[in-house]
$ cat work_5.cif   # mmCIF, C-alpha atoms
data_start
loop_
_atom_site.label_atom_id
_atom_site.label_comp_id
_atom_site.auth_asym_id
_atom_site.auth_seq_id
_atom_site.Cartn_x
_atom_site.Cartn_y
_atom_site.Cartn_z
CA MET A 982 0.00 0.00 0.00
CA PHE A 983 2.82 2.39 0.87
CA ASN A 984 4.14 2.41 -2.70
CA GLU A 985 0.76 3.25 -4.28
CA THR A 986 0.42 6.85 -5.42
CA TYR A 987 -1.78 9.17 -7.43
CA LYS A 988 -0.32 11.73 -9.81
CA LEU A 989 -1.41 15.32 -9.28
CA SER A 990 -2.16 17.57 -12.25
CA ASN A 991 1.37 19.02 -12.10
CA GLY A 992 2.99 15.56 -12.13
CA VAL A 993 3.81 15.38 -8.40
CA GLU A 994 3.09 11.95 -6.93
CA ILE A 995 1.12 11.73 -3.67
CA PRO A 996 0.82 8.51 -1.65
CA LYS A 997 -2.75 7.16 -1.53
CA LEU A 998 -2.41 6.54 2.22
CA GLY A 999 -1.23 9.14 4.70
CA LEU A 1000 -1.14 9.71 8.43
CA GLY A 1001 -3.51 12.31 9.85
CA THR A 1002 -2.44 14.21 12.97
CA TRP A 1003 -5.51 16.23 13.99
CA LEU A 1004 -6.03 16.42 17.79
CA LEU A 1005 -2.49 15.20 18.54
CA ASP A 1006 -0.17 17.50 20.48
CA ASP A 1007 3.46 18.13 19.54
CA ALA A 1008 4.89 15.28 21.62
CA GLN A 1009 2.31 12.77 20.40
CA THR A 1010 2.79 13.92 16.81
CA GLU A 1011 6.58 13.66 16.94
CA GLN A 1012 6.34 10.04 18.10
CA ALA A 1013 3.50 9.24 15.69
CA VAL A 1014 5.54 10.49 12.74
CA ARG A 1015 8.53 8.38 13.77
CA ASP A 1016 6.36 5.30 14.28
CA ALA A 1017 4.50 5.79 11.02
CA VAL A 1018 7.65 6.26 8.97
CA SER A 1019 9.25 3.17 10.54
CA ILE A 1020 6.14 1.17 9.56
CA GLY A 1021 6.35 2.44 5.99
CA TYR A 1022 4.26 5.60 5.78
CA ARG A 1023 5.69 8.38 3.66
CA HIS A 1024 2.75 10.83 3.71
CA ILE A 1025 2.09 13.01 6.77
CA ASP A 1026 -0.79 15.50 7.02
CA THR A 1027 -0.91 18.41 9.46
CA ALA A 1028 -2.17 22.01 9.60
CA GLN A 1029 -1.28 25.26 11.29
CA ALA A 1030 -4.58 25.00 13.16
CA TYR A 1031 -3.58 21.63 14.65
CA MET A 1032 -0.78 23.37 16.57
CA ASN A 1033 1.53 20.39 16.11
CA GLU A 1034 3.72 21.46 13.19
CA VAL A 1035 6.73 21.67 15.52
CA GLY A 1036 6.16 18.02 16.44
CA VAL A 1037 5.84 17.05 12.78
CA GLY A 1038 9.15 18.75 12.04
CA LYS A 1039 10.92 17.01 14.92
CA GLY A 1040 9.50 13.68 13.82
CA ILE A 1041 10.68 14.23 10.26
CA ARG A 1042 14.21 15.14 11.35
CA SER A 1043 14.52 12.15 13.69
CA CYS A 1044 12.74 9.46 11.65
CA GLY A 1045 15.83 8.27 9.77
CA VAL A 1046 14.34 8.72 6.29
CA ALA A 1047 15.52 11.38 3.86
CA ARG A 1048 13.27 14.43 3.56
CA GLU A 1049 12.80 13.97 -0.19
CA GLU A 1050 11.29 10.53 0.41
CA LEU A 1051 8.49 12.04 2.50
CA PHE A 1052 5.30 13.83 1.40
CA ILE A 1053 4.35 16.52 3.91
CA THR A 1054 1.07 18.44 3.80
CA THR A 1055 0.06 21.43 5.89
CA LYS A 1056 -2.67 24.04 5.67
CA VAL A 1057 -2.98 27.82 5.71
CA THR A 1058 -5.04 28.83 8.70
CA ALA A 1059 -8.71 29.37 7.84
CA GLU A 1060 -8.66 32.88 9.33
CA ALA A 1061 -5.93 34.12 6.95
CA LYS A 1062 -7.98 35.82 4.24
CA THR A 1063 -5.56 38.36 2.76
CA TYR A 1064 -2.48 37.93 0.59
CA ASP A 1065 -0.20 39.06 3.43
CA THR A 1066 -1.74 36.93 6.20
CA ALA A 1067 -1.73 33.87 3.94
CA THR A 1068 1.92 34.45 3.04
CA GLN A 1069 2.70 34.83 6.74
CA SER A 1070 0.87 31.58 7.53
CA ILE A 1071 2.86 29.70 4.87
CA ASN A 1072 6.17 31.07 6.14
CA GLU A 1073 5.27 30.34 9.77
CA SER A 1074 4.45 26.73 8.92
CA LEU A 1075 7.81 26.24 7.22
CA GLU A 1076 9.57 27.86 10.16
CA LYS A 1077 7.75 25.76 12.76
CA MET A 1078 8.52 22.53 10.91
CA GLY A 1079 12.08 23.57 10.13
CA LEU A 1080 11.58 22.72 6.45
CA ASP A 1081 12.71 24.41 3.25
CA TYR A 1082 9.53 23.31 1.50
CA VAL A 1083 6.34 21.33 1.97
CA ASP A 1084 4.97 18.96 -0.65
CA LEU A 1085 1.40 20.24 -0.43
CA MET A 1086 -0.05 23.46 0.98
CA ILE A 1087 -3.83 23.75 1.34
CA ILE A 1088 -6.24 26.56 2.22
CA HIS A 1089 -7.88 24.99 5.27
CA SER A 1090 -11.36 26.42 4.73
CA PRO A 1091 -13.12 28.87 2.41
CA GLN A 1092 -14.37 30.75 5.50
CA PRO A 1093 -12.99 31.35 9.00
CA TRP A 1094 -14.16 28.51 11.24
CA VAL A 1095 -16.60 30.66 13.22
CA GLU A 1096 -18.35 31.52 9.93
CA PHE A 1097 -18.08 28.07 8.31
CA ARG A 1098 -20.88 27.50 5.75
CA GLU A 1099 -22.53 30.80 6.67
CA GLU A 1100 -23.78 33.47 4.27
CA LYS A 1101 -20.52 35.38 3.71
CA ARG A 1102 -18.50 33.37 1.20
CA TYR A 1103 -15.16 35.24 1.10
CA PHE A 1104 -14.90 34.83 -2.68
CA GLN A 1105 -12.66 37.85 -3.26
CA GLU A 1106 -10.58 37.15 -0.17
CA ASN A 1107 -9.94 33.57 -1.29
CA LYS A 1108 -8.66 34.87 -4.62
CA GLU A 1109 -6.07 36.87 -2.64
CA VAL A 1110 -5.12 33.85 -0.59
CA TRP A 1111 -4.80 31.77 -3.75
CA LYS A 1112 -2.41 34.36 -5.22
CA ALA A 1113 -0.22 33.91 -2.14
CA MET A 1114 -0.36 30.16 -2.68
CA GLU A 1115 0.63 30.54 -6.34
CA ASP A 1116 3.57 32.75 -5.38
CA ALA A 1117 4.74 30.23 -2.76
CA TYR A 1118 4.50 27.52 -5.42
CA LYS A 1119 6.52 29.55 -7.93
CA SER A 1120 9.19 30.25 -5.32
CA GLY A 1121 9.59 26.54 -4.53
CA LYS A 1122 8.33 26.78 -0.95
CA VAL A 1123 5.55 24.34 -1.84
CA LYS A 1124 5.51 21.59 -4.48
CA ALA A 1125 1.73 21.51 -4.89
CA ILE A 1126 -1.19 23.70 -3.81
CA GLY A 1127 -4.80 22.92 -3.05
CA LEU A 1128 -7.97 23.52 -1.08
CA SER A 1129 -9.89 22.00 1.81
CA ASN A 1130 -13.61 22.08 2.58
CA PHE A 1131 -14.27 24.06 -0.63
CA LEU A 1132 -17.68 23.57 -2.25
CA GLN A 1133 -18.21 23.65 -6.01
CA ASP A 1134 -18.89 27.38 -6.20
CA ASP A 1135 -15.90 28.08 -3.95
CA ILE A 1136 -13.75 26.15 -6.41
CA ASP A 1137 -15.33 27.83 -9.44
CA ASN A 1138 -14.40 31.15 -7.86
CA ILE A 1139 -10.73 30.13 -7.79
CA LEU A 1140 -10.78 28.56 -11.26
CA ALA A 1141 -12.26 31.74 -12.76
CA SER A 1142 -9.10 33.78 -12.24
CA CYS A 1143 -6.25 31.51 -11.13
CA GLU A 1144 -2.95 31.17 -12.93
CA ILE A 1145 -2.30 27.74 -11.40
CA LYS A 1146 -5.25 25.40 -10.85
CA PRO A 1147 -5.84 23.76 -7.47
CA MET A 1148 -4.43 20.25 -7.40
CA VAL A 1149 -6.41 18.81 -4.48
CA ASN A 1150 -9.52 19.43 -2.39
CA GLN A 1151 -9.42 17.79 1.04
CA VAL A 1152 -12.93 17.13 2.34
CA LEU A 1153 -14.92 15.08 4.83
CA ALA A 1154 -15.65 11.85 2.95
CA HIS A 1155 -16.42 8.43 4.34
CA VAL A 1156 -18.87 5.53 4.25
CA SER A 1157 -22.33 7.02 4.99
CA ASN A 1158 -21.24 10.57 4.15
CA THR A 1159 -19.65 10.79 0.69
CA PRO A 1160 -20.08 14.01 -1.34
CA PHE A 1161 -20.42 12.30 -4.74
CA GLU A 1162 -21.32 15.39 -6.77
CA LEU A 1163 -18.37 17.35 -5.38
CA ILE A 1164 -16.03 14.42 -6.00
CA GLU A 1165 -17.20 14.12 -9.60
CA PHE A 1166 -16.85 17.87 -10.17
CA CYS A 1167 -13.30 17.88 -8.78
CA GLN A 1168 -12.24 14.81 -10.73
CA LYS A 1169 -13.53 16.39 -13.97
CA ASN A 1170 -11.32 19.40 -13.20
CA ASP A 1171 -8.20 17.29 -12.44
CA ILE A 1172 -8.51 18.08 -8.74
CA LEU A 1173 -7.70 15.08 -6.55
CA ILE A 1174 -9.99 14.53 -3.57
CA GLU A 1175 -8.41 13.72 -0.22
CA ALA A 1176 -10.70 12.18 2.38
CA TYR A 1177 -10.16 13.34 5.94
CA SER A 1178 -11.87 11.42 8.76
CA PRO A 1179 -12.21 8.46 6.33
CA ILE A 1180 -13.32 6.24 9.22
CA ALA A 1181 -15.99 8.83 10.16
CA HIS A 1182 -13.98 9.92 13.21
CA GLY A 1183 -14.83 6.49 14.64
CA ALA A 1184 -18.59 7.02 14.33
CA VAL A 1185 -18.97 4.21 11.80
CA LEU A 1186 -17.16 1.53 13.82
CA ASN A 1187 -20.33 0.26 15.48
CA ASN A 1188 -22.46 0.30 12.34
CA ALA A 1189 -23.96 -3.22 12.02
CA GLU A 1190 -24.44 -3.01 8.24
CA VAL A 1191 -20.83 -2.02 7.69
CA GLN A 1192 -19.65 -4.72 10.08
CA VAL A 1193 -21.46 -7.40 8.06
CA ILE A 1194 -19.63 -6.34 4.89
CA ALA A 1195 -16.27 -6.09 6.70
CA ASP A 1196 -16.75 -9.65 8.04
CA LYS A 1197 -17.38 -10.85 4.49
CA TYR A 1198 -13.86 -9.74 3.51
CA ASP A 1199 -12.34 -10.76 6.85
CA VAL A 1200 -11.19 -7.19 7.53
CA SER A 1201 -11.93 -4.55 10.16
CA VAL A 1202 -14.53 -1.84 9.65
CA ALA A 1203 -11.67 0.68 9.52
CA GLN A 1204 -9.93 -1.26 6.75
CA LEU A 1205 -13.18 -1.55 4.80
CA CYS A 1206 -13.77 2.21 5.07
CA LEU A 1207 -10.28 3.04 3.85
CA ARG A 1208 -10.53 0.62 0.95
CA TYR A 1209 -13.92 2.10 0.02
CA ALA A 1210 -12.45 5.59 -0.32
CA ILE A 1211 -9.42 4.40 -2.27
CA GLN A 1212 -11.68 2.56 -4.73
CA LEU A 1213 -13.46 5.88 -5.28
CA GLY A 1214 -10.09 7.34 -6.28
CA LEU A 1215 -9.50 9.28 -3.07
CA VAL A 1216 -6.45 9.78 -0.87
CA VAL A 1217 -7.08 8.67 2.73
CA ILE A 1218 -5.42 10.19 5.81
CA PRO A 1219 -6.67 8.31 8.89
CA LYS A 1220 -5.53 9.86 12.16
CA THR A 1221 -3.95 7.65 14.79
CA ALA A 1222 -1.07 7.65 17.25
CA ASN A 1223 -1.34 3.88 17.74
CA PRO A 1224 1.29 1.89 15.79
CA ASN A 1225 -0.97 -1.18 15.65
CA HIS A 1226 -3.71 0.89 14.05
CA MET A 1227 -1.18 2.36 11.64
CA ARG A 1228 -0.24 -1.15 10.52
CA ASN A 1229 -3.84 -2.29 10.21
CA ASN A 1230 -4.80 0.82 8.26
CA ALA A 1231 -2.18 -0.06 5.66
CA GLU A 1232 -3.35 -3.66 5.15
CA LEU A 1233 -5.73 -2.95 2.30
CA ASP A 1234 -4.87 -5.68 -0.16
CA PHE A 1235 -8.45 -6.65 -1.00
CA THR A 1236 -11.12 -5.40 -3.39
CA ILE A 1237 -14.69 -4.52 -2.48
CA SER A 1238 -17.18 -5.84 -5.03
CA ASN A 1239 -19.30 -3.44 -7.08
CA ALA A 1240 -22.42 -4.62 -5.30
CA ASP A 1241 -20.93 -3.98 -1.86
CA MET A 1242 -19.60 -0.61 -2.98
CA GLU A 1243 -23.16 0.34 -3.97
CA THR A 1244 -24.45 -0.73 -0.57
CA LEU A 1245 -21.77 1.33 1.18
CA LYS A 1246 -22.49 4.35 -1.03
CA ASN A 1247 -26.16 4.30 -0.06
CA LEU A 1248 -26.03 3.80 3.69
CA GLU A 1249 -28.06 6.13 5.90
CA ARG A 1250 -26.03 9.23 6.63
CA ILE A 1251 -24.31 9.53 9.99
CA GLN A 1252 -25.69 12.43 12.02
CA ASP A 1253 -23.68 12.16 15.25
CA TYR A 1254 -19.88 12.31 15.36
CA GLY A 1255 -19.72 11.86 19.10
CA GLU A 1256 -17.73 14.13 21.39
CA HIS A 1257 -16.34 16.15 18.49
CA SER A 1258 -19.67 16.88 16.80
CA TYR A 1259 -19.31 20.56 17.73
CA PHE A 1260 -16.53 21.03 15.15
CA PRO A 1261 -17.77 22.88 12.05
CA VAL A 1262 -16.65 20.12 9.68
CA PHE A 1263 -19.04 17.75 11.48
CA GLY A 1264 -21.94 20.21 11.34
CA GLY A 1265 -21.32 22.00 14.62
CA LYS A 1266 -20.74 25.69 15.28
CA LEU A 1267 -17.88 27.40 17.08
CA LYS A 1268 -18.77 30.36 19.27
#
$ encode --input "work_5.cif" --output "structure tokens"
Amino acid sequence: MFNETYKLSNGVEIPKLGLGTWLLDDAQTEQAVRDAVSIGYRHIDTAQAYMNEVGVGKGIRSCGVAREELFITTKVTAEAKTYDTATQSINESLEKMGLDYVDLMIIHSPQPWVEFREEKRYFQENKEVWKAMEDAYKSGKVKAIGLSNFLQDDIDNILASCEIKPMVNQVLAHVSNTPFELIEFCQKNDILIEAYSPIAHGAVLNNAEVQVIADKYDVSVAQLCLRYAIQLGLVVIPKTANPNHMRNNAELDFTISNADMETLKNLERIQDYGEHSYFPVFGGKLK
């Protein structure tokens, strides 16, 4: 699994499987990066908002694998909505990680988190942020640039005036909550979809229907969910600090049948993401 990649529109290769680090602190992240790399992972995903970029950088420097063999993603903070604040966010991320470049830089959200999916869309502001991303790309600070949580009209706004097209859109996508229309739109525009929370932040683990299908393939529900997303052509970045889970998440050498894929595509949508349901990406609202 570790050697399987997709090719972005600019020719950069991105591993299909990565390690997510959301909700891990610096110390946990540093160890998780080392453990993941020793297991075989080469793709690490973080964000300025996660407040663990320092840990990612320490993990990279101490993991024993050359920097150029790793694919590192981070994200411009959602509140940076001018050219200057976006440029500052990019530079701060590089400084915190102690890196000369990152492989992928993403705008974390089309709106600040406290206004996520509200009426103000920040179309003009996101054009400014995208210009900062393009300039970072041209300067070599980032090898690829993309979006996160952008809806179709948010993406159209960027495509209407950009010099360099977005290469990815990282979105919430998992069994029982898969944005098929958005995925199709992005794929038609050569924008790779990355699935964050591909195991539904754990909310799908007790789903009896999913368990029945997982048992059929003699795999865990987590493995089934990851394979599902990969068969849809998505990158998956499951978050874990547990080395055993890291290993299991990479054991995806099976194929889900077309019939079972259809069943998984049409499951009743998950409404409750547990203790983290208040996060905007899960439908909650920050105060």
$ closest_atom_pairs --input "work_5.cif" --of "segment 1135-1242 of chain A" --to "segment 1070-1091 of chain A" --cutoff "12 Å" --atoms "all atoms listed in the file" --output "Markdown table"
| residue | atom | partner | partner_atom | distance |
| --- | --- | --- | --- | --- |
| A:Asp1135 | CA | A:Pro1091 | CA | 7.0 |
| A:Ile1136 | CA | A:Pro1091 | CA | 9.3 |
| A:Asn1138 | CA | A:Pro1091 | CA | 10.6 |
| A:Ile1139 | CA | A:Pro1091 | CA | 10.6 |
| A:Pro1147 | CA | A:Ile1087 | CA | 9.0 |
| A:Met1148 | CA | A:Leu1085 | CA | 9.1 |
| A:Val1149 | CA | A:Ile1087 | CA | 8.1 |
| A:Asn1150 | CA | A:Ile1087 | CA | 8.1 |
| A:Gln1151 | CA | A:Ile1087 | CA | 8.2 |
| A:Val1152 | CA | A:Ser1090 | CA | 9.7 |
| A:Leu1153 | CA | A:Ser1090 | CA | 11.9 |
| A:Glu1175 | CA | A:Ile1087 | CA | 11.1 |
| A:Tyr1177 | CA | A:His1089 | CA | 11.9 |
$ resolve_selection --input "work_5.cif" --expression "the PyMOL selection byres ((chain A and resi 1179) around 9)" --output "list in words"
Leu1153, Ala1154, His1155, Val1156, Ala1176, Tyr1177, Ser1178, Ile1180, Ala1181, His1182, Gly1183, Ala1203, Cys1206, Leu1207, Ala1210, Val1217, Ile1218, Pro1219 and Lys1220 of chain A
$ write_last_selection --input "work_5.cif" --atoms "C-alpha atoms" --output "PDB file, in the frame of the given file"
ATOM      1  CA  LEU A1153     -14.920  15.080   4.830  1.00  0.00           C
ATOM      2  CA  ALA A1154     -15.650  11.850   2.950  1.00  0.00           C
ATOM      3  CA  HIS A1155     -16.420   8.430   4.340  1.00  0.00           C
ATOM      4  CA  VAL A1156     -18.870   5.530   4.250  1.00  0.00           C
ATOM      5  CA  ALA A1176     -10.700  12.180   2.380  1.00  0.00           C
ATOM      6  CA  TYR A1177     -10.160  13.340   5.940  1.00  0.00           C
ATOM      7  CA  SER A1178     -11.870  11.420   8.760  1.00  0.00           C
ATOM      8  CA  ILE A1180     -13.320   6.240   9.220  1.00  0.00           C
ATOM      9  CA  ALA A1181     -15.990   8.830  10.160  1.00  0.00           C
ATOM     10  CA  HIS A1182     -13.980   9.920  13.210  1.00  0.00           C
ATOM     11  CA  GLY A1183     -14.830   6.490  14.640  1.00  0.00           C
ATOM     12  CA  ALA A1203     -11.670   0.680   9.520  1.00  0.00           C
ATOM     13  CA  CYS A1206     -13.770   2.210   5.070  1.00  0.00           C
ATOM     14  CA  LEU A1207     -10.280   3.040   3.850  1.00  0.00           C
ATOM     15  CA  ALA A1210     -12.450   5.590  -0.320  1.00  0.00           C
ATOM     16  CA  VAL A1217      -7.080   8.670   2.730  1.00  0.00           C
ATOM     17  CA  ILE A1218      -5.420  10.190   5.810  1.00  0.00           C
ATOM     18  CA  PRO A1219      -6.670   8.310   8.890  1.00  0.00           C
ATOM     19  CA  LYS A1220      -5.530   9.860  12.160  1.00  0.00           C
TER      20      LYS A1220
END
$ atom_distance --input "work_5.cif" --atom1 "atom CA of Ala1028 of chain A" --atom2 "atom CA of Glu1011 of chain A"
14.1 Å
$ atom_distance --input "work_5.cif" --atom1 "atom CA of Pro1261 of chain A" --atom2 "atom CA of Ala1059 of chain A"
11.9 Å
$ closest_residue --input "work_5.cif" --among "A:Asp1007, A:Glu1256, A:Asp1171, A:Glu1099" --to "Asn1033 of chain A" --atoms "all atoms listed in the file"
A:Asp1007
$ resolve_selection --input "work_5.cif" --expression "the PyMOL selection byres ((chain A and resi 1213) around 10)" --output "JSON, numbers by chain"
{"A": [1159, 1161, 1164, 1174, 1208, 1209, 1210, 1211, 1212, 1214, 1215, 1216, 1242]}
$ residues_around --input "work_5.cif" --residues "Lys1266 of chain A" --least-positions-apart "2" --cutoff "10 Å" --atoms "all atoms listed in the file" --output "PyMOL selection string"
chain A and resi 1094-1098+1258-1264+1268
$ atom_distance --input "work_5.cif" --atom1 "atom CA of Ser1142 of chain A" --atom2 "atom CA of Thr986 of chain A"
29.4 Å
$ residues_around --input "work_5.cif" --residues "Asp1065 of chain A" --least-positions-apart "5" --cutoff "12 Å" --atoms "all atoms listed in the file" --output "PyMOL selection string"
chain A and resi 1057+1070-1072+1106+1109-1114+1116-1117
$ closest_residue --input "work_5.cif" --among "A:Val1193, A:Lys988, A:Lys1119, A:Ser1129" --to "Thr1058 of chain A" --atoms "only C-alpha atoms"
A:Ser1129
$ residues_around --input "work_5.cif" --residues "Gly1036 of chain A" --least-positions-apart "2" --cutoff "10 Å" --atoms "only C-alpha atoms" --output "JSON, numbers by chain"
{"A": [1005, 1006, 1007, 1008, 1009, 1010, 1011, 1012, 1013, 1014, 1027, 1032, 1033, 1034, 1038, 1039, 1040, 1041, 1042, 1077, 1078]}
$ axis_aligned_box --input "work_5.cif" --around "segment 1062-1071 of chain A" --padding-each-side "8 Å" --output "AutoDock Vina command-line options"
--center_x -2.6 --center_y 34.4 --center_z 4.1 --size_x 26.8 --size_y 25.4 --size_z 22.9
$ resolve_selection --input "work_5.cif" --expression "the PyMOL selection byres ((chain A and resi 1234) around 10)" --output "list in words"
Met982, Gln1204, Arg1208, Ala1231, Glu1232, Leu1233, Phe1235 and Thr1236 of chain A
$ decode --input "work_5.cif" --residues "segment 1145-1154 of chain A" --atoms "all heavy atoms" --output "mmCIF file, in the first residue's frame"
data_model
loop_
_atom_site.group_PDB
_atom_site.id
_atom_site.type_symbol
_atom_site.label_atom_id
_atom_site.label_comp_id
_atom_site.auth_asym_id
_atom_site.auth_seq_id
_atom_site.Cartn_x
_atom_site.Cartn_y
_atom_site.Cartn_z
ATOM 1 N N ILE A 1145 -2.616 29.151 -11.643
ATOM 2 C CA ILE A 1145 -2.305 27.740 -11.397
ATOM 3 C C ILE A 1145 -3.539 27.105 -10.763
ATOM 4 O O ILE A 1145 -4.042 27.588 -9.747
ATOM 5 C CB ILE A 1145 -1.093 27.597 -10.459
ATOM 6 C CG1 ILE A 1145 0.142 28.288 -11.069
ATOM 7 C CG2 ILE A 1145 -0.798 26.122 -10.182
ATOM 8 C CD1 ILE A 1145 1.255 28.525 -10.084
ATOM 9 N N LYS A 1146 -4.035 26.041 -11.355
ATOM 10 C CA LYS A 1146 -5.251 25.403 -10.849
ATOM 11 C C LYS A 1146 -4.989 24.642 -9.552
ATOM 12 O O LYS A 1146 -3.908 24.073 -9.366
ATOM 13 C CB LYS A 1146 -5.808 24.432 -11.899
ATOM 14 C CG LYS A 1146 -6.446 25.093 -13.098
ATOM 15 C CD LYS A 1146 -6.895 24.068 -14.127
ATOM 16 C CE LYS A 1146 -7.954 23.123 -13.588
ATOM 17 N NZ LYS A 1146 -8.484 22.222 -14.642
ATOM 18 N N PRO A 1147 -5.975 24.605 -8.677
ATOM 19 C CA PRO A 1147 -5.843 23.765 -7.472
ATOM 20 C C PRO A 1147 -5.623 22.305 -7.859
ATOM 21 O O PRO A 1147 -6.216 21.813 -8.825
ATOM 22 C CB PRO A 1147 -7.195 23.936 -6.767
ATOM 23 C CG PRO A 1147 -7.765 25.213 -7.306
ATOM 24 C CD PRO A 1147 -7.265 25.314 -8.718
ATOM 25 N N MET A 1148 -4.780 21.636 -7.100
ATOM 26 C CA MET A 1148 -4.432 20.250 -7.401
ATOM 27 C C MET A 1148 -5.173 19.244 -6.523
ATOM 28 O O MET A 1148 -5.326 18.087 -6.908
ATOM 29 C CB MET A 1148 -2.913 20.076 -7.258
ATOM 30 C CG MET A 1148 -2.161 20.887 -8.306
ATOM 31 S SD MET A 1148 -0.544 21.431 -7.746
ATOM 32 C CE MET A 1148 -0.235 22.775 -8.914
ATOM 33 N N VAL A 1149 -5.631 19.693 -5.358
ATOM 34 C CA VAL A 1149 -6.407 18.814 -4.476
ATOM 35 C C VAL A 1149 -7.519 19.607 -3.803
ATOM 36 O O VAL A 1149 -7.473 20.838 -3.722
ATOM 37 C CB VAL A 1149 -5.536 18.152 -3.367
ATOM 38 C CG1 VAL A 1149 -4.326 17.443 -3.932
ATOM 39 C CG2 VAL A 1149 -5.113 19.162 -2.326
ATOM 40 N N ASN A 1150 -8.511 18.886 -3.312
ATOM 41 C CA ASN A 1150 -9.516 19.427 -2.391
ATOM 42 C C ASN A 1150 -9.700 18.382 -1.303
ATOM 43 O O ASN A 1150 -10.120 17.262 -1.582
ATOM 44 C CB ASN A 1150 -10.837 19.711 -3.107
ATOM 45 C CG ASN A 1150 -11.842 20.455 -2.234
ATOM 46 O OD1 ASN A 1150 -11.484 21.124 -1.274
ATOM 47 N ND2 ASN A 1150 -13.122 20.342 -2.579
ATOM 48 N N GLN A 1151 -9.330 18.731 -0.079
ATOM 49 C CA GLN A 1151 -9.424 17.789 1.038
ATOM 50 C C GLN A 1151 -10.752 18.024 1.755
ATOM 51 O O GLN A 1151 -11.012 19.124 2.237
ATOM 52 C CB GLN A 1151 -8.247 18.002 2.000
ATOM 53 C CG GLN A 1151 -8.152 16.931 3.076
ATOM 54 C CD GLN A 1151 -6.969 17.144 4.005
ATOM 55 O OE1 GLN A 1151 -7.142 17.392 5.201
ATOM 56 N NE2 GLN A 1151 -5.757 17.051 3.473
ATOM 57 N N VAL A 1152 -11.577 16.981 1.810
ATOM 58 C CA VAL A 1152 -12.933 17.135 2.343
ATOM 59 C C VAL A 1152 -13.296 15.966 3.251
ATOM 60 O O VAL A 1152 -12.659 14.906 3.218
ATOM 61 C CB VAL A 1152 -13.978 17.226 1.202
ATOM 62 C CG1 VAL A 1152 -13.682 18.417 0.303
ATOM 63 C CG2 VAL A 1152 -14.037 15.939 0.392
ATOM 64 N N LEU A 1153 -14.348 16.173 4.038
ATOM 65 C CA LEU A 1153 -14.922 15.081 4.825
ATOM 66 C C LEU A 1153 -15.573 14.091 3.863
ATOM 67 O O LEU A 1153 -16.480 14.450 3.119
ATOM 68 C CB LEU A 1153 -15.953 15.626 5.806
ATOM 69 C CG LEU A 1153 -16.664 14.586 6.685
ATOM 70 C CD1 LEU A 1153 -15.686 13.953 7.666
ATOM 71 C CD2 LEU A 1153 -17.829 15.233 7.444
ATOM 72 N N ALA A 1154 -15.096 12.866 3.849
ATOM 73 C CA ALA A 1154 -15.653 11.848 2.946
ATOM 74 C C ALA A 1154 -15.432 10.478 3.564
ATOM 75 O O ALA A 1154 -14.300 10.103 3.868
ATOM 76 C CB ALA A 1154 -14.992 11.921 1.569
#
